Every structure is written in structure tokens, then in C-alpha cells.
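Student: Structure below; questions to follow.
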Amino acid sequence: MSRVVVIGAGAMGLAAAYYAQKRGHQVTVLEAAPEAGGMAAHFDLGGLSIERYYHFVCKADRATFDLLAELGIGDKMRWVATSMGYYIDGALYPWGDPISLLKFPKLSLIEKLRYGAMMFFSTKRRSGRRLETVAAKDWITRWCGRAVYERLWAPLFRLKFFEYADNISAAWIWTRIKRLGTSRRSMMQEELGYIEGGSQTLVDALTRVIEAKGGVLRLGTAATCVTVENGAVTGVSAGAEHFPADAVISTMPTPHVTRIVPALTDDERARYDAIVNIGVVCVVFRLKRSVTPHFWVNIVDERFEIPGIVEFSNLRPTGDTVVYIPYYMSVTHPKFARDDAAFRAEGLGYLKLLNPALREDDVVAFYVGRLRHAQPVCPPGFAAMLPPIETSIRGLQIADTCFYYPEDRGISESVRLARMMAERVP
């Protein structure tokens, strides 16, 4: 039996602790925040328990289903017929199925056929290895033409990645297309899932099992240093406390790694420091009336400084309408530091453009969440940029959402990596 310290109690950290315990190890989890869950944690939105940052499940998320079954909550999965919309130049159009594409007035027939072919063959493609060194801009342009890229894709990339927009990996965007494209009831109908009670159901189940089996969960305890002797990990310091360990699994954001692990080699430090992250300000509204009939709406309109909205209540029943408005941006962007009232006013203004019937008194509650390291920037060749999960320090493994690549952030990838790291603990 090894003593394992897990840094971070998000979905990956909790799952790593769970799987390490299953293998007979003694586990301690350190979490800087006052609650477990990380990006999957809930908050109170006017009496409604809801995720700070929206989550949904696709049919390809096998690791999530396996973990739910192991925890005895497999019956909590729910599947819903959902839809997408495209708001462009002041009008909302249905999107995401062949008929909607054919009726879409902003593309020529040839452009529609090329676009549809890209989507169809993306769902059939088995590997993105050959796309790894290709820019998404070039890949999409080859399939659909430059005009389609500039009309439909470039505005979304620019509002998510800013100066990095033209240099995002094609493998990354292909994986997103495939994951959503294969989560369908039929060619005409998308189908997404949620966990009854939200992601907090999974977080609570994991924390219960970890503590019931003797694991220690220390909330409000920020790791400050991973200690090393003779090339092997010896534990983790958190302020004045020290937690001895034979193995450490770190799931903290990569921008913190070099500060907390001073014993890394110069090459490792350079590779961690080269990873760029985009922050997010996520504005969440609870409303008395719906905004659109869609779960997800992409937005291309000069009046909007957001790439879209997620009307979460069109997936998970929440009583009132719940809408997420994500503002992706660098933490150095002037808007990141604006007060909550400014985001509320601007966000509600956007929703009123989408649905002019909305009024001020339709707002039941709102919340503004800020995350400094929300979205890794994945340029072509990103896989080669990532340092190995098993570091040069014996017993130390490090991974965060960057290591899901080419997959995007999601609970299923958290669970898959967590299990892999736990199985590597001797």
C-alpha cells in the first residue's frame, strides 16, 4: 500500500483518489477551494443548485458511464433530444441537421454540400493523428472554402481565442465535431445527456466513497510545494503542514506547476510554462421565460462580444430558464476585471436581442463566475508540446485539462486520465 496525495478535488482529482483507493492505497486529497468539484462544483442560483460552468454528456463518454455504474448511480443518467441554433446578422436559424443546413440562407448550395461533407466524414474519421500538425483554419478552408470559414467559423474562434484564433489545432476542433456528431438519436436528432441532480451528484458520490473507505479530503488547503529527495517525491506541503507521500498525483492547472514543483528539470519547466490558457467569465441567468428553443446557440453578429450562449434548461429540467453566457478572454483583457453589474447589464442586453420579449423583471437571479485557467490554447503540434504525465521525479504524475487533448474539457476525459494515473501508482 502506497501513501498517495492527490492535489485538486475536481472531477479528475476525486476520480484519481477513488481509483487509487480501489487499488488498496491510502489517499489524501488537498483542495484549495472551500468545496470539492472544481469546474463541476455547484452553487446556489436563487435557490437552485446548478453547475458554475455548464456540463453535458455525450454518448461517447464511456468512462463517465463506467464510473457512475461503479458508484451505484448509473440510473441517474438522463438523455434528452436537444437542438442547436445559429444567430447570424440579427436572425436565429435552426442548425445541426441536414434539413437545417439545406435551408440555411447564408450559404450557397455548393457551400452547403461541402460543409455537410466535412461534418459527415468527421464523424466517420477514426483518428485525428494526421490533423495534429494542421491548423483548424486551413482544414476547414480546404473542406468548405475560405468564405465559409470567414463567415461562420472565424468569428467564433476570434471570440474564444483572440490572437491565437488562426493557429488552433485541427485535431482539437475535429474531436469536438466527432463527439457531438456521434451523440445523436438519428441523423436528424441530436441527443445529449445529464446526470440527475447535476454534476454535484457525481461529486457527492465520489467524496462519500473516498471518506467512507478511510480517505482524507482536506478542503481549503492549498498545496504550496511538492517535496522531493534523491529524485523521488516525498510529500506535499500546504502552508505549515506536510503530508508525506510515496506518490503524488497533481491535477492543478499547469500555470501553477513550476511554482509548486521546484525540483522539475529546466526542460520540464519550459514545457509547462509554454502552455497558454484562456480565462472565462461565465454569466449565469435564471429567468422566468425561455430565450430560444435550443440548448446551444452560436452567435455571429457584430453587436455581440460572445461566441454563443447555452440555454441549459433545454437539457436539464430546472423549473425556470437557466442560461450560461461565456466570455472567453485572457485574464489581462480589460473586461475580465469588470464588476458583476456590468456583465449582468451586457449579458441581459444580449439575451434581449435574441428574444425581444424578455424584460428586466424576468430575471430571477444571476451569477458571475471567473476562472483564470479555463481553456487551454492548443496550436498545431500541441501533443508534442505536452510534457509526459509521468515526470522525471519518481512517483510524481501531473495532468490537467490540457492533457485531455485532442479531446476538450469534460468529465469523461477527467475520469479516463484519473484511472490511468491511479493504475500507475506502484
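Note on naming: chains are A, B, ... as they come in the C-alpha cells, residues start from 1 per chain, ligands start from 1 in the order shown.
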Could you pull the residues within 6 Å of A:Thr64, counting only C-alpha atoms, minus those fewer than 3 positions along the same chain, as a list in words?

Tutor: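 Contacts, with the query itself left out: Asp61, Leu67 and Ser412 of chain A.
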
Student: Write out as a Markdown table a residue-level contact list of stretch 175-292 of chain A versus stretch 303-326 of chain A with cut-off 10 Å: for each qualifying residue the closest pair of atoms and the distance in Å to one decimal, counting only C-alpha atoms, rows sorted by chain and residue number upward.

Tutor:
| residue | atom | partner | partner_atom | distance |
| --- | --- | --- | --- | --- |
| A:Glu191 | CA | A:Leu315 | CA | 9.3 |
| A:Leu192 | CA | A:Leu315 | CA | 7.4 |
| A:Gly193 | CA | A:Leu315 | CA | 7.4 |
| A:Tyr194 | CA | A:Arg316 | CA | 6.5 |
| A:Ile195 | CA | A:Arg316 | CA | 8.4 |
| A:Glu196 | CA | A:Arg316 | CA | 8.0 |
| A:Gly197 | CA | A:Arg316 | CA | 8.8 |
| A:Gly198 | CA | A:Arg316 | CA | 8.1 |
| A:Val280 | CA | A:Pro326 | CA | 6.5 |
| A:Val281 | CA | A:Pro326 | CA | 6.0 |
| A:Cys282 | CA | A:Pro326 | CA | 4.4 |
| A:Val283 | CA | A:Ile325 | CA | 5.0 |
| A:Val284 | CA | A:Tyr324 | CA | 4.6 |
| A:Phe285 | CA | A:Val323 | CA | 5.2 |
| A:Arg286 | CA | A:Val322 | CA | 4.7 |
| A:Leu287 | CA | A:Thr321 | CA | 5.0 |
| A:Lys288 | CA | A:Asp320 | CA | 5.6 |
| A:Arg289 | CA | A:Thr321 | CA | 6.1 |
| A:Ser290 | CA | A:Thr321 | CA | 5.6 |
| A:Val291 | CA | A:Glu311 | CA | 7.5 |
| A:Thr292 | CA | A:Glu311 | CA | 7.5 |

Student: Ranking A:Met385, A:Ile168, A:Met119, A:Ala40 by minimum distance to A:Ala270 and counting only C-alpha atoms, which one comes first?

Tutor: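 For A:Ala270, the nearest of the candidates is A:Met385.
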
Student: Using only C-alpha atoms, which of the listed residues (A:Pro356, A:Asp408, A:Lys137, A:Thr391) sits closest to A:Arg269?

Tutor: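 Under the stated criterion, the closest residue is A:Thr391.
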
Student: Got a sec: who's within 10 Å of A:Gln189, counting only C-alpha atoms, leaving out chain neighbours fewer than 5 positions off, as a PyMOL selection string?

Tutor: chain A and resi 81-83+96-98+183-184

Student: Using only N, CA, C and O atoms, please write the residues we just selected to a file, as a JSON list (two decimals), in the first residue's frame.

Tutor:
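Done, and the output landed in part14.json:
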[["chain", "number", "residue", "atom", "x", "y", "z"],
["A", 81, "ALA", "N", -33.56, 14.89, -26.18],
["A", 81, "ALA", "CA", -33.43, 15.39, -27.55],
["A", 81, "ALA", "C", -33.17, 16.89, -27.49],
["A", 81, "ALA", "O", -33.97, 17.65, -26.96],
["A", 82, "THR", "N", -32.02, 17.31, -28.01],
["A", 82, "THR", "CA", -31.63, 18.72, -27.95],
["A", 82, "THR", "C", -31.42, 19.26, -29.37],
["A", 82, "THR", "O", -31.41, 18.51, -30.34],
["A", 83, "SER", "N", -31.22, 20.56, -29.45],
["A", 83, "SER", "CA", -31.00, 21.17, -30.77],
["A", 83, "SER", "C", -30.02, 22.32, -30.64],
["A", 83, "SER", "O", -29.77, 22.83, -29.55],
["A", 96, "GLY", "N", -27.56, 22.15, -37.22],
["A", 96, "GLY", "CA", -27.09, 20.88, -36.69],
["A", 96, "GLY", "C", -27.70, 19.64, -37.30],
["A", 96, "GLY", "O", -27.43, 18.53, -36.82],
["A", 97, "ASP", "N", -28.52, 19.77, -38.35],
["A", 97, "ASP", "CA", -29.07, 18.60, -39.04],
["A", 97, "ASP", "C", -29.13, 18.91, -40.53],
["A", 97, "ASP", "O", -29.06, 20.08, -40.94],
["A", 98, "PRO", "N", -29.23, 17.90, -41.39],
["A", 98, "PRO", "CA", -29.16, 18.13, -42.84],
["A", 98, "PRO", "C", -30.22, 19.09, -43.38],
["A", 98, "PRO", "O", -29.92, 19.92, -44.26],
["A", 183, "SER", "N", -23.27, 11.85, -31.00],
["A", 183, "SER", "CA", -24.23, 11.81, -29.90],
["A", 183, "SER", "C", -25.60, 12.18, -30.44],
["A", 183, "SER", "O", -26.12, 13.28, -30.22],
["A", 184, "ARG", "N", -26.19, 11.25, -31.19],
["A", 184, "ARG", "CA", -27.44, 11.52, -31.88],
["A", 184, "ARG", "C", -28.39, 10.34, -31.74],
["A", 184, "ARG", "O", -27.96, 9.18, -31.65]]

Student: Would you mind listing what lies within 7 Å of stretch 11-23 of chain A as a PyMOL selection string, with only C-alpha atoms counted and same-chain residues fewer than 2 positions away left out?

Tutor: chain A and resi 6-9+25-27+37-38+40+203+206+210+251+411+414-415+418-419+421-422
